[in-house]
Amino acid sequence: MAGVATALPHLGIEECVALARLQTVYHGTQMTRAMLSPERTEALSLLPIGPRPVVCLQASISKRGEVLSFEFTETVVESAAKLSYEQVNQILAGQEDHGLKEVLRCLAVVAVRLDKNRRGLWGRSRQGEFRDDLGSVVTGKAEQLIASTAILYNQLVGEVLKQSGLPALFRVQDPRQDEAIAPLFEQHDGDPVVLAPLISHCLPRAQHRVKAGLHWALQLPAYARSSSPLRRYEDLVNQRQLLAVLNQSPSFYPPELLLGVCDRLQDKATAEVERQKQKSEEKWLRAASSVKQLETVTEGQFSAVLRQVSVIGAIPPELEQQLRERLEKGSLTPKHAAQILSEEFPADLKQALIAKLSQGDPLLNGLMVLNTLGQLIGTAPQFDYEPANGQWCCRLVWQEQSVEAIASSKVRAREIAALMVLKGISLVEW
């Protein structure tokens with residue numbers, strides 16, 4: 001990786017500017033603001049225009065993807081070529097010949113080995129998707145190769161810094177601190193294999209900490225980003241602390257300074273989440289304010305619009321009109337009905353939906369909606385048969401509700417019980 005810490009004076013004017021900016025900002029692929037000056041960024045980048053300082057990782061990887069040995073060193077290299085992701089993908093696919101073809105193929109093999117040895121939700125392919133260290137899906141072999149090797153680099157930097165005891169900017173993710181997720185950890189003894197499908201969609205963001213801690217989604221005891229010191233200040237800090245370890249010198253930064261950096265990085269991350277949320281809300285409001293648009297969206301897109309009601313806390317008149325029309329036409333799906341009954345929609349709309357479900361429509365009935373909610377507690381419903389009057393009794397439990405329904409058949413008894421549960425859901429006050 002580019003030896004930025006080697007070239008920049010410690011807490012000199014350039015590093016202070018980097019500290020103020022924290023990271024390089026991009027709009028799409030276009031850089032809009034560099035953490036360092038454009039001239040300094042180009043001078044330190046690993047472009048093929050001369051020798052450059054680097055912090056090099058040499059590692060021995062087994063066929064099973066285990067790290068057998070590794071070493072970090074300060075050295076100087078000269079890049080052989082500058083390749084785009086598209087070029088590398090073409091070379092790996094055999095569509096383009098290049099002098100670095102064998103090197104790239106070797107790296108691709110190593111990335112596959114690392115993938116197989118990893119046990120986390122992120123940093124490897126899982127169910128056909130590769131997710132990077134932020135949980136974002138990465139497509140393309142070249143992109144996955146870079147993401148995978150960067151994770152290895154950061155993992156090993158984290159190990160070295162943890163063992164040294166020096167303060168650094170570690171990324172720590174502990175879902176047990178989330179009140180909604182913590183009970184699942186207790187129930188399943190923290191088993192990542194069991195927990196993965198239960199919490200992968202709602203994992204909290206990793207936090208910055210001065211001391212190393214578990215990164216749960218990566219299943220790593222220490223993780224310190226340092227693979228992009230030209231773009232992120234945390235990477236520059238971690239690279240400088242790594243050099244302190246290699247040179248057996250004291251820490252370059254007091255813990256108090258890095259604690260302040262942690263707070264600033266957290267504030268920036270929170271602000272970005274709010275910005276994305278506001279952007280999403282504005283897009284949703286534009287769609288929900290147009291009946292014409294709502295008539296042309298897919299069922300999945302319409303479900304996404306309905307989900308935003310709980311986020312916004314209100315329902316636009318146009319969306320309510322569209323829902324009533326769909327209810328009258330019988331074009332609501334069980335998923336739509338479940339969302340309406342369990343979210344903050346008008347009470348009279350919920351009552352009309354309950355009345356529709358009571359009609360026993362084969363494509364939209366109470367049992368289908370309840371199954372869609374997928375939150376039944378316990379095992380299967382309990383049934384009792386009373387021979388004297390030929391009636392079936394169905395007992396159904398949903399969260400804190402327990403209902404009993406009697407009918408002439410098991411199916412009808414269960415349908416009535418499901419409808420009773422849904423009525424209870426629809427009466428919850430928001």
# chains A, B, ... in the order shown; residues from 1 in each chain; ligands from 1
call {"tool": "residues_around", "arguments": {"residues": "region 357-359 of chain A", "least_positions_apart": "5", "cutoff": "9 Å", "atoms": "only C-alpha atoms", "output": "PyMOL selection string"}}
result
chain A and resi 352+364-366+369+415-416+419
call {"tool": "write_last_selection", "arguments": {"atoms": "N, CA and C atoms", "output": "short mmCIF file (atom, residue, chain, number, x, y, z; two decimals), in the first residue's frame"}}
result
data_model
loop_
_atom_site.label_atom_id
_atom_site.label_comp_id
_atom_site.auth_asym_id
_atom_site.auth_seq_id
_atom_site.Cartn_x
_atom_site.Cartn_y
_atom_site.Cartn_z
N ALA A 352 -61.76 -2.01 6.80
CA ALA A 352 -62.22 -2.44 5.48
C ALA A 352 -61.42 -3.67 5.02
N LEU A 364 -56.66 -14.02 -0.92
CA LEU A 364 -56.37 -13.07 0.15
C LEU A 364 -57.26 -13.41 1.35
N ASN A 365 -56.72 -14.19 2.28
CA ASN A 365 -57.47 -14.51 3.49
C ASN A 365 -56.59 -14.34 4.71
N GLY A 366 -57.21 -14.41 5.88
CA GLY A 366 -56.50 -14.14 7.12
C GLY A 366 -55.31 -15.04 7.36
N VAL A 369 -52.30 -13.96 5.26
CA VAL A 369 -51.70 -12.72 5.75
C VAL A 369 -50.89 -12.98 7.00
N GLU A 415 -58.60 -20.46 9.96
CA GLU A 415 -58.82 -19.19 9.26
C GLU A 415 -59.46 -18.16 10.19
N ILE A 416 -60.46 -18.61 10.97
CA ILE A 416 -61.14 -17.69 11.90
C ILE A 416 -60.17 -17.23 12.99
N LEU A 419 -57.86 -14.66 11.62
CA LEU A 419 -58.57 -13.40 11.46
C LEU A 419 -58.70 -12.67 12.80
#
call {"tool": "select_by_dssp", "arguments": {"residues": "region 63-294 of chain A", "states": "strand (DSSP E or B)", "output": "NGL selection string"}}
result
:A and (67-77 or 125-126 or 129-131 or 137-138 or 170-173 or 207-209 or 215 or 220 or 232)
call {"tool": "write_last_selection", "arguments": {"atoms": "N, CA and C atoms", "output": "PDB file, in the first residue's frame"}}
result
ATOM      1  N   VAL A  67      -3.479 -18.223   6.689  1.00  0.00           N
ATOM      2  CA  VAL A  67      -2.268 -17.409   6.652  1.00  0.00           C
ATOM      3  C   VAL A  67      -1.194 -18.150   7.446  1.00  0.00           C
ATOM      4  N   LEU A  68      -0.198 -18.683   6.738  1.00  0.00           N
ATOM      5  CA  LEU A  68       0.860 -19.462   7.390  1.00  0.00           C
ATOM      6  C   LEU A  68       1.915 -18.563   8.012  1.00  0.00           C
ATOM      7  N   SER A  69       2.225 -17.460   7.337  1.00  0.00           N
ATOM      8  CA  SER A  69       3.190 -16.489   7.859  1.00  0.00           C
ATOM      9  C   SER A  69       2.994 -15.172   7.121  1.00  0.00           C
ATOM     10  N   PHE A  70       3.437 -14.085   7.746  1.00  0.00           N
ATOM     11  CA  PHE A  70       3.337 -12.788   7.070  1.00  0.00           C
ATOM     12  C   PHE A  70       4.359 -11.823   7.663  1.00  0.00           C
ATOM     13  N   GLU A  71       4.652 -10.787   6.869  1.00  0.00           N
ATOM     14  CA  GLU A  71       5.611  -9.770   7.314  1.00  0.00           C
ATOM     15  C   GLU A  71       5.302  -8.457   6.623  1.00  0.00           C
ATOM     16  N   PHE A  72       5.302  -7.366   7.415  1.00  0.00           N
ATOM     17  CA  PHE A  72       5.166  -6.024   6.857  1.00  0.00           C
ATOM     18  C   PHE A  72       6.546  -5.387   6.778  1.00  0.00           C
ATOM     19  N   THR A  73       6.818  -4.700   5.667  1.00  0.00           N
ATOM     20  CA  THR A  73       8.099  -4.010   5.512  1.00  0.00           C
ATOM     21  C   THR A  73       7.889  -2.674   4.800  1.00  0.00           C
ATOM     22  N   GLU A  74       8.770  -1.714   5.119  1.00  0.00           N
ATOM     23  CA  GLU A  74       8.824  -0.459   4.365  1.00  0.00           C
ATOM     24  C   GLU A  74       9.782  -0.661   3.205  1.00  0.00           C
ATOM     25  N   THR A  75       9.356  -0.318   2.020  1.00  0.00           N
ATOM     26  CA  THR A  75      10.237  -0.478   0.866  1.00  0.00           C
ATOM     27  C   THR A  75       9.814   0.497  -0.228  1.00  0.00           C
ATOM     28  N   VAL A  76      10.366   0.337  -1.387  1.00  0.00           N
ATOM     29  CA  VAL A  76      10.050   1.181  -2.544  1.00  0.00           C
ATOM     30  C   VAL A  76       9.735   0.266  -3.722  1.00  0.00           C
ATOM     31  N   VAL A  77       8.686   0.572  -4.455  1.00  0.00           N
ATOM     32  CA  VAL A  77       8.340  -0.222  -5.633  1.00  0.00           C
ATOM     33  C   VAL A  77       8.047   0.710  -6.805  1.00  0.00           C
ATOM     34  N   SER A 125     -17.841 -14.852  -0.329  1.00  0.00           N
ATOM     35  CA  SER A 125     -19.065 -15.117  -1.081  1.00  0.00           C
ATOM     36  C   SER A 125     -20.002 -15.959  -0.230  1.00  0.00           C
ATOM     37  N   ARG A 126     -21.242 -15.529  -0.173  1.00  0.00           N
ATOM     38  CA  ARG A 126     -22.249 -16.257   0.596  1.00  0.00           C
ATOM     39  C   ARG A 126     -23.562 -16.165  -0.150  1.00  0.00           C
ATOM     40  N   GLU A 129     -23.364 -14.030  -3.249  1.00  0.00           N
ATOM     41  CA  GLU A 129     -23.033 -12.613  -3.130  1.00  0.00           C
ATOM     42  C   GLU A 129     -21.748 -12.437  -2.332  1.00  0.00           C
ATOM     43  N   PHE A 130     -20.878 -11.546  -2.800  1.00  0.00           N
ATOM     44  CA  PHE A 130     -19.680 -11.185  -2.053  1.00  0.00           C
ATOM     45  C   PHE A 130     -19.911  -9.818  -1.437  1.00  0.00           C
ATOM     46  N   ARG A 131     -19.704  -9.729  -0.131  1.00  0.00           N
ATOM     47  CA  ARG A 131     -19.875  -8.447   0.568  1.00  0.00           C
ATOM     48  C   ARG A 131     -18.534  -7.975   1.117  1.00  0.00           C
ATOM     49  N   VAL A 137     -22.582  -5.237  -1.398  1.00  0.00           N
ATOM     50  CA  VAL A 137     -22.387  -6.292  -2.393  1.00  0.00           C
ATOM     51  C   VAL A 137     -21.385  -5.823  -3.443  1.00  0.00           C
ATOM     52  N   VAL A 138     -20.396  -6.665  -3.726  1.00  0.00           N
ATOM     53  CA  VAL A 138     -19.361  -6.356  -4.718  1.00  0.00           C
ATOM     54  C   VAL A 138     -19.487  -7.351  -5.865  1.00  0.00           C
ATOM     55  N   PHE A 170      -9.479   1.077  15.424  1.00  0.00           N
ATOM     56  CA  PHE A 170     -10.039  -0.232  15.090  1.00  0.00           C
ATOM     57  C   PHE A 170     -11.518  -0.089  14.763  1.00  0.00           C
ATOM     58  N   ARG A 171     -11.977  -0.956  13.867  1.00  0.00           N
ATOM     59  CA  ARG A 171     -13.416  -1.021  13.582  1.00  0.00           C
ATOM     60  C   ARG A 171     -13.991  -2.199  14.351  1.00  0.00           C
ATOM     61  N   VAL A 172     -14.931  -1.902  15.245  1.00  0.00           N
ATOM     62  CA  VAL A 172     -15.497  -2.893  16.155  1.00  0.00           C
ATOM     63  C   VAL A 172     -17.001  -2.978  15.909  1.00  0.00           C
ATOM     64  N   GLN A 173     -17.493  -4.188  15.773  1.00  0.00           N
ATOM     65  CA  GLN A 173     -18.938  -4.394  15.560  1.00  0.00           C
ATOM     66  C   GLN A 173     -19.415  -5.471  16.532  1.00  0.00           C
ATOM     67  N   GLN A 207     -18.297   0.462  14.748  1.00  0.00           N
ATOM     68  CA  GLN A 207     -17.891   1.682  15.432  1.00  0.00           C
ATOM     69  C   GLN A 207     -16.363   1.769  15.460  1.00  0.00           C
ATOM     70  N   HIS A 208     -15.845   2.981  15.556  1.00  0.00           N
ATOM     71  CA  HIS A 208     -14.398   3.157  15.684  1.00  0.00           C
ATOM     72  C   HIS A 208     -14.034   3.159  17.167  1.00  0.00           C
ATOM     73  N   ARG A 209     -13.020   2.379  17.511  1.00  0.00           N
ATOM     74  CA  ARG A 209     -12.550   2.269  18.892  1.00  0.00           C
ATOM     75  C   ARG A 209     -11.027   2.347  18.927  1.00  0.00           C
ATOM     76  N   HIS A 215     -14.980  -7.769  15.388  1.00  0.00           N
ATOM     77  CA  HIS A 215     -15.807  -7.323  14.259  1.00  0.00           C
ATOM     78  C   HIS A 215     -16.657  -8.527  13.893  1.00  0.00           C
ATOM     79  N   LEU A 220     -13.650 -11.417  12.990  1.00  0.00           N
ATOM     80  CA  LEU A 220     -12.241 -11.137  13.232  1.00  0.00           C
ATOM     81  C   LEU A 220     -12.073 -10.476  14.597  1.00  0.00           C
ATOM     82  N   ARG A 232      -8.419   7.799   3.276  1.00  0.00           N
ATOM     83  CA  ARG A 232      -9.081   7.807   4.584  1.00  0.00           C
ATOM     84  C   ARG A 232      -8.072   8.119   5.679  1.00  0.00           C
TER      85      ARG A 232
END
call {"tool": "atom_distance", "arguments": {"atom1": "CA of Gly120 (chain A)", "atom2": "CA of Ala217 (chain A)"}}
result
5.3 Å
call {"tool": "closest_residue", "arguments": {"among": "A:Leu265, A:Leu83, A:Val237, A:Leu184", "to": "Tyr253 (chain A)", "atoms": "only C-alpha atoms"}}
result
A:Val237
call {"tool": "residues_around", "arguments": {"residues": "Ala355 (chain A)", "least_positions_apart": "6", "cutoff": "12 Å", "atoms": "only C-alpha atoms", "output": "number ranges by chain"}}
result
A: 327-328, 337, 348-349, 361, 364-366, 419-420, 422-423, 426
call {"tool": "write_last_selection", "arguments": {"atoms": "N, CA, C and O atoms", "output": "PDB file, in the first residue's frame"}}
result
ATOM      1  N   LEU A 327     -57.854  -2.300  -2.834  1.00  0.00           N
ATOM      2  CA  LEU A 327     -58.653  -3.146  -1.946  1.00  0.00           C
ATOM      3  C   LEU A 327     -60.000  -3.456  -2.582  1.00  0.00           C
ATOM      4  O   LEU A 327     -60.478  -4.597  -2.558  1.00  0.00           O
ATOM      5  N   GLU A 328     -60.601  -2.444  -3.194  1.00  0.00           N
ATOM      6  CA  GLU A 328     -61.905  -2.631  -3.836  1.00  0.00           C
ATOM      7  C   GLU A 328     -61.801  -3.563  -5.042  1.00  0.00           C
ATOM      8  O   GLU A 328     -62.682  -4.392  -5.281  1.00  0.00           O
ATOM      9  N   ALA A 337     -51.351  -6.607   2.593  1.00  0.00           N
ATOM     10  CA  ALA A 337     -52.317  -6.622   3.697  1.00  0.00           C
ATOM     11  C   ALA A 337     -51.604  -6.685   5.040  1.00  0.00           C
ATOM     12  O   ALA A 337     -51.981  -5.987   5.995  1.00  0.00           O
ATOM     13  N   ASP A 348     -59.975   3.080   9.585  1.00  0.00           N
ATOM     14  CA  ASP A 348     -61.085   2.634   8.738  1.00  0.00           C
ATOM     15  C   ASP A 348     -60.592   1.817   7.553  1.00  0.00           C
ATOM     16  O   ASP A 348     -61.271   0.909   7.070  1.00  0.00           O
ATOM     17  N   LEU A 349     -59.347   2.080   7.087  1.00  0.00           N
ATOM     18  CA  LEU A 349     -58.763   1.278   6.019  1.00  0.00           C
ATOM     19  C   LEU A 349     -58.473  -0.132   6.540  1.00  0.00           C
ATOM     20  O   LEU A 349     -58.722  -1.128   5.853  1.00  0.00           O
ATOM     21  N   ASP A 361     -61.586 -14.932   0.657  1.00  0.00           N
ATOM     22  CA  ASP A 361     -61.049 -14.928  -0.703  1.00  0.00           C
ATOM     23  C   ASP A 361     -59.878 -15.918  -0.777  1.00  0.00           C
ATOM     24  O   ASP A 361     -58.962 -15.861   0.033  1.00  0.00           O
ATOM     25  N   LEU A 364     -56.661 -14.017  -0.923  1.00  0.00           N
ATOM     26  CA  LEU A 364     -56.374 -13.073   0.149  1.00  0.00           C
ATOM     27  C   LEU A 364     -57.258 -13.408   1.345  1.00  0.00           C
ATOM     28  O   LEU A 364     -58.403 -12.983   1.417  1.00  0.00           O
ATOM     29  N   ASN A 365     -56.719 -14.190   2.278  1.00  0.00           N
ATOM     30  CA  ASN A 365     -57.470 -14.509   3.486  1.00  0.00           C
ATOM     31  C   ASN A 365     -56.585 -14.336   4.710  1.00  0.00           C
ATOM     32  O   ASN A 365     -55.370 -14.137   4.606  1.00  0.00           O
ATOM     33  N   GLY A 366     -57.208 -14.413   5.881  1.00  0.00           N
ATOM     34  CA  GLY A 366     -56.501 -14.137   7.121  1.00  0.00           C
ATOM     35  C   GLY A 366     -55.311 -15.037   7.358  1.00  0.00           C
ATOM     36  O   GLY A 366     -54.260 -14.593   7.841  1.00  0.00           O
ATOM     37  N   LEU A 419     -57.864 -14.663  11.620  1.00  0.00           N
ATOM     38  CA  LEU A 419     -58.566 -13.398  11.456  1.00  0.00           C
ATOM     39  C   LEU A 419     -58.697 -12.670  12.796  1.00  0.00           C
ATOM     40  O   LEU A 419     -58.561 -11.443  12.868  1.00  0.00           O
ATOM     41  N   MET A 420     -58.938 -13.427  13.864  1.00  0.00           N
ATOM     42  CA  MET A 420     -59.038 -12.828  15.198  1.00  0.00           C
ATOM     43  C   MET A 420     -57.706 -12.197  15.610  1.00  0.00           C
ATOM     44  O   MET A 420     -57.670 -11.101  16.174  1.00  0.00           O
ATOM     45  N   LEU A 422     -55.382 -11.057  13.517  1.00  0.00           N
ATOM     46  CA  LEU A 422     -55.188  -9.885  12.681  1.00  0.00           C
ATOM     47  C   LEU A 422     -56.015  -8.700  13.147  1.00  0.00           C
ATOM     48  O   LEU A 422     -55.596  -7.549  13.070  1.00  0.00           O
ATOM     49  N   LYS A 423     -57.223  -8.977  13.661  1.00  0.00           N
ATOM     50  CA  LYS A 423     -58.041  -7.889  14.208  1.00  0.00           C
ATOM     51  C   LYS A 423     -57.327  -7.254  15.402  1.00  0.00           C
ATOM     52  O   LYS A 423     -57.319  -6.032  15.574  1.00  0.00           O
ATOM     53  N   SER A 426     -54.559  -5.049  14.139  1.00  0.00           N
ATOM     54  CA  SER A 426     -55.045  -3.802  13.516  1.00  0.00           C
ATOM     55  C   SER A 426     -55.495  -2.781  14.548  1.00  0.00           C
ATOM     56  O   SER A 426     -55.567  -1.583  14.253  1.00  0.00           O
TER      57      SER A 426
END
call {"tool": "atom_distance", "arguments": {"atom1": "CA of Leu19 (chain A)", "atom2": "CA of Ala224 (chain A)"}}
result
17.2 Å
call {"tool": "closest_residue", "arguments": {"among": "A:His188, A:Arg275, A:Arg324, A:Arg205", "to": "Leu134 (chain A)", "atoms": "only C-alpha atoms"}}
result
A:Arg205
call {"tool": "residues_around", "arguments": {"residues": "Arg326 (chain A)", "least_positions_apart": "5", "cutoff": "12 Å", "atoms": "only C-alpha atoms", "output": "count of residues only"}}
result
17
call {"tool": "residues_around", "arguments": {"residues": "Lys268 (chain A)", "least_positions_apart": "5", "cutoff": "12 Å", "atoms": "only C-alpha atoms", "output": "MDAnalysis selection string"}}
result
chainID A and resid 20:23 207:208 261:263 273:275
call {"tool": "residues_around", "arguments": {"residues": "Asn238 (chain A)", "least_positions_apart": "2", "cutoff": "8 Å", "atoms": "only C-alpha atoms", "output": "PDB file with all heavy atoms, in the first residue's frame"}}
result
ATOM      1  N   VAL A 157      -2.958  -6.073   9.778  1.00  0.00           N
ATOM      2  CA  VAL A 157      -2.572  -4.834  10.466  1.00  0.00           C
ATOM      3  C   VAL A 157      -3.245  -4.783  11.837  1.00  0.00           C
ATOM      4  O   VAL A 157      -2.624  -4.431  12.844  1.00  0.00           O
ATOM      5  CB  VAL A 157      -2.945  -3.589   9.634  1.00  0.00           C
ATOM      6  CG1 VAL A 157      -2.768  -2.316  10.459  1.00  0.00           C
ATOM      7  CG2 VAL A 157      -2.094  -3.506   8.385  1.00  0.00           C
ATOM      8  N   ALA A 168      -4.999   2.704  18.300  1.00  0.00           N
ATOM      9  CA  ALA A 168      -5.198   2.824  16.855  1.00  0.00           C
ATOM     10  C   ALA A 168      -6.684   3.045  16.613  1.00  0.00           C
ATOM     11  O   ALA A 168      -7.464   3.230  17.557  1.00  0.00           O
ATOM     12  CB  ALA A 168      -4.688   1.576  16.137  1.00  0.00           C
ATOM     13  N   LEU A 169      -7.084   3.043  15.347  1.00  0.00           N
ATOM     14  CA  LEU A 169      -8.495   3.238  14.999  1.00  0.00           C
ATOM     15  C   LEU A 169      -9.045   1.907  14.485  1.00  0.00           C
ATOM     16  O   LEU A 169      -9.051   1.638  13.285  1.00  0.00           O
ATOM     17  CB  LEU A 169      -8.639   4.349  13.959  1.00  0.00           C
ATOM     18  CG  LEU A 169      -8.233   5.743  14.452  1.00  0.00           C
ATOM     19  CD1 LEU A 169      -8.284   6.753  13.325  1.00  0.00           C
ATOM     20  CD2 LEU A 169      -9.122   6.199  15.604  1.00  0.00           C
ATOM     21  N   ALA A 224      -8.305  -3.289  11.532  1.00  0.00           N
ATOM     22  CA  ALA A 224      -7.880  -1.882  11.463  1.00  0.00           C
ATOM     23  C   ALA A 224      -7.642  -1.514  10.008  1.00  0.00           C
ATOM     24  O   ALA A 224      -6.654  -1.954   9.402  1.00  0.00           O
ATOM     25  CB  ALA A 224      -6.613  -1.670  12.287  1.00  0.00           C
ATOM     26  N   ARG A 225      -8.507  -0.724   9.459  1.00  0.00           N
ATOM     27  CA  ARG A 225      -8.373  -0.328   8.057  1.00  0.00           C
ATOM     28  C   ARG A 225      -7.082   0.466   7.839  1.00  0.00           C
ATOM     29  O   ARG A 225      -6.830   1.444   8.543  1.00  0.00           O
ATOM     30  CB  ARG A 225      -9.563   0.531   7.651  1.00  0.00           C
ATOM     31  CG  ARG A 225     -10.768  -0.269   7.180  1.00  0.00           C
ATOM     32  CD  ARG A 225     -11.868   0.672   6.812  1.00  0.00           C
ATOM     33  NE  ARG A 225     -12.742   0.143   5.794  1.00  0.00           N
ATOM     34  CZ  ARG A 225     -13.644   0.861   5.148  1.00  0.00           C
ATOM     35  NH1 ARG A 225     -13.762   2.143   5.415  1.00  0.00           N
ATOM     36  NH2 ARG A 225     -14.418   0.316   4.240  1.00  0.00           N
ATOM     37  N   SER A 226      -6.304   0.043   6.873  1.00  0.00           N
ATOM     38  CA  SER A 226      -5.067   0.751   6.548  1.00  0.00           C
ATOM     39  C   SER A 226      -4.694   0.562   5.083  1.00  0.00           C
ATOM     40  O   SER A 226      -3.589   0.857   4.670  1.00  0.00           O
ATOM     41  CB  SER A 226      -3.923   0.263   7.443  1.00  0.00           C
ATOM     42  OG  SER A 226      -3.900  -1.143   7.493  1.00  0.00           O
ATOM     43  N   GLU A 234      -8.311   7.482   8.875  1.00  0.00           N
ATOM     44  CA  GLU A 234      -8.124   6.355   9.793  1.00  0.00           C
ATOM     45  C   GLU A 234      -7.056   5.406   9.266  1.00  0.00           C
ATOM     46  O   GLU A 234      -6.259   4.847  10.034  1.00  0.00           O
ATOM     47  CB  GLU A 234      -9.434   5.608  10.028  1.00  0.00           C
ATOM     48  CG  GLU A 234     -10.006   4.904   8.813  1.00  0.00           C
ATOM     49  CD  GLU A 234     -11.278   4.123   9.117  1.00  0.00           C
ATOM     50  OE1 GLU A 234     -11.188   3.111   9.823  1.00  0.00           O
ATOM     51  OE2 GLU A 234     -12.354   4.548   8.645  1.00  0.00           O
ATOM     52  N   ASP A 235      -6.998   5.227   7.948  1.00  0.00           N
ATOM     53  CA  ASP A 235      -5.984   4.353   7.349  1.00  0.00           C
ATOM     54  C   ASP A 235      -4.584   4.955   7.505  1.00  0.00           C
ATOM     55  O   ASP A 235      -3.609   4.225   7.743  1.00  0.00           O
ATOM     56  CB  ASP A 235      -6.288   4.134   5.865  1.00  0.00           C
ATOM     57  CG  ASP A 235      -7.595   3.395   5.636  1.00  0.00           C
ATOM     58  OD1 ASP A 235      -8.605   3.800   6.227  1.00  0.00           O
ATOM     59  OD2 ASP A 235      -7.605   2.416   4.874  1.00  0.00           O
ATOM     60  N   LEU A 236      -4.484   6.271   7.375  1.00  0.00           N
ATOM     61  CA  LEU A 236      -3.201   6.942   7.556  1.00  0.00           C
ATOM     62  C   LEU A 236      -2.716   6.792   9.001  1.00  0.00           C
ATOM     63  O   LEU A 236      -1.541   6.501   9.246  1.00  0.00           O
ATOM     64  CB  LEU A 236      -3.337   8.425   7.186  1.00  0.00           C
ATOM     65  CG  LEU A 236      -2.137   9.335   7.495  1.00  0.00           C
ATOM     66  CD1 LEU A 236      -0.878   8.814   6.817  1.00  0.00           C
ATOM     67  CD2 LEU A 236      -2.436  10.774   7.065  1.00  0.00           C
ATOM     68  N   ARG A 240       0.637   4.732  10.194  1.00  0.00           N
ATOM     69  CA  ARG A 240       1.703   5.360  10.975  1.00  0.00           C
ATOM     70  C   ARG A 240       1.980   4.571  12.256  1.00  0.00           C
ATOM     71  O   ARG A 240       3.126   4.395  12.677  1.00  0.00           O
ATOM     72  CB  ARG A 240       1.344   6.813  11.297  1.00  0.00           C
ATOM     73  CG  ARG A 240       2.571   7.652  11.646  1.00  0.00           C
ATOM     74  CD  ARG A 240       2.219   9.072  11.973  1.00  0.00           C
ATOM     75  NE  ARG A 240       1.782   9.880  10.862  1.00  0.00           N
ATOM     76  CZ  ARG A 240       2.587  10.402   9.932  1.00  0.00           C
ATOM     77  NH1 ARG A 240       3.881  10.141   9.953  1.00  0.00           N
ATOM     78  NH2 ARG A 240       2.097  11.159   8.972  1.00  0.00           N
ATOM     79  N   GLN A 241       0.906   4.065  12.886  1.00  0.00           N
ATOM     80  CA  GLN A 241       1.092   3.265  14.095  1.00  0.00           C
ATOM     81  C   GLN A 241       1.757   1.929  13.763  1.00  0.00           C
ATOM     82  O   GLN A 241       2.553   1.414  14.551  1.00  0.00           O
ATOM     83  CB  GLN A 241      -0.255   3.025  14.784  1.00  0.00           C
ATOM     84  CG  GLN A 241      -0.899   4.282  15.396  1.00  0.00           C
ATOM     85  CD  GLN A 241      -0.071   4.872  16.522  1.00  0.00           C
ATOM     86  OE1 GLN A 241       0.966   5.508  16.286  1.00  0.00           O
ATOM     87  NE2 GLN A 241      -0.523   4.657  17.754  1.00  0.00           N
ATOM     88  N   LEU A 242       1.452   1.376  12.588  1.00  0.00           N
ATOM     89  CA  LEU A 242       2.116   0.155  12.158  1.00  0.00           C
ATOM     90  C   LEU A 242       3.613   0.395  11.984  1.00  0.00           C
ATOM     91  O   LEU A 242       4.443  -0.447  12.381  1.00  0.00           O
ATOM     92  CB  LEU A 242       1.504  -0.339  10.840  1.00  0.00           C
ATOM     93  CG  LEU A 242       2.173  -1.560  10.187  1.00  0.00           C
ATOM     94  CD1 LEU A 242       2.057  -2.792  11.086  1.00  0.00           C
ATOM     95  CD2 LEU A 242       1.553  -1.838   8.817  1.00  0.00           C
TER      96      LEU A 242
END
call {"tool": "atom_distance", "arguments": {"atom1": "CA of Glu404 (chain A)", "atom2": "CA of Glu343 (chain A)"}}
result
24.6 Å
call {"tool": "select_by_dssp", "arguments": {"residues": "region 22-250 of chain A", "states": "helix (DSSP H, G or I)", "output": "PyMOL selection string"}}
result
chain A and resi 38-44+85-92+101-117+141-164+175-177+182-187+192-202+233-246
call {"tool": "closest_residue", "arguments": {"among": "A:Arg176, A:Lys63, A:His10, A:Lys279", "to": "Asp189 (chain A)", "atoms": "only C-alpha atoms"}}
result
A:Arg176
call {"tool": "residues_around", "arguments": {"residues": "Gly190 (chain A)", "least_positions_apart": "2", "cutoff": "12 Å", "atoms": "only C-alpha atoms", "output": "list in words"}}
result
Asp174, Pro175, Arg176, Ile181, Ala182, Pro183, Leu184, Phe185, Glu186, Gln187, His188, Pro192, Val193, Val194, Leu195, Ala196, Leu198, Ile199, Trp216 and Gln219 of chain A
call {"tool": "closest_residue", "arguments": {"among": "A:Gln351, A:Ser164, A:Thr270, A:Gln177", "to": "Ser249 (chain A)", "atoms": "only C-alpha atoms"}}
result
A:Ser164
call {"tool": "decode", "arguments": {"residues": "region 387-392 of chain A", "atoms": "N, CA and C atoms", "output": "mmCIF file, in the first residue's frame"}}
result
data_model
loop_
_atom_site.group_PDB
_atom_site.id
_atom_site.type_symbol
_atom_site.label_atom_id
_atom_site.label_comp_id
_atom_site.auth_asym_id
_atom_site.auth_seq_id
_atom_site.Cartn_x
_atom_site.Cartn_y
_atom_site.Cartn_z
ATOM 1 N N PRO A 387 -66.452 -34.454 19.257
ATOM 2 C CA PRO A 387 -67.328 -35.377 18.490
ATOM 3 C C PRO A 387 -68.814 -35.120 18.710
ATOM 4 N N ALA A 388 -69.171 -34.643 19.901
ATOM 5 C CA ALA A 388 -70.585 -34.458 20.221
ATOM 6 C C ALA A 388 -71.270 -33.508 19.244
ATOM 7 N N ASN A 389 -70.615 -32.443 18.901
ATOM 8 C CA ASN A 389 -71.234 -31.479 17.983
ATOM 9 C C ASN A 389 -70.460 -31.336 16.658
ATOM 10 N N GLY A 390 -69.446 -32.169 16.468
ATOM 11 C CA GLY A 390 -68.705 -32.149 15.200
ATOM 12 C C GLY A 390 -67.955 -30.854 14.948
ATOM 13 N N GLN A 391 -67.443 -30.233 16.008
ATOM 14 C CA GLN A 391 -66.767 -28.940 15.883
ATOM 15 C C GLN A 391 -65.262 -29.086 16.169
ATOM 16 N N TRP A 392 -64.490 -28.251 15.460
ATOM 17 C CA TRP A 392 -63.051 -28.169 15.698
ATOM 18 C C TRP A 392 -62.721 -26.869 16.423
#
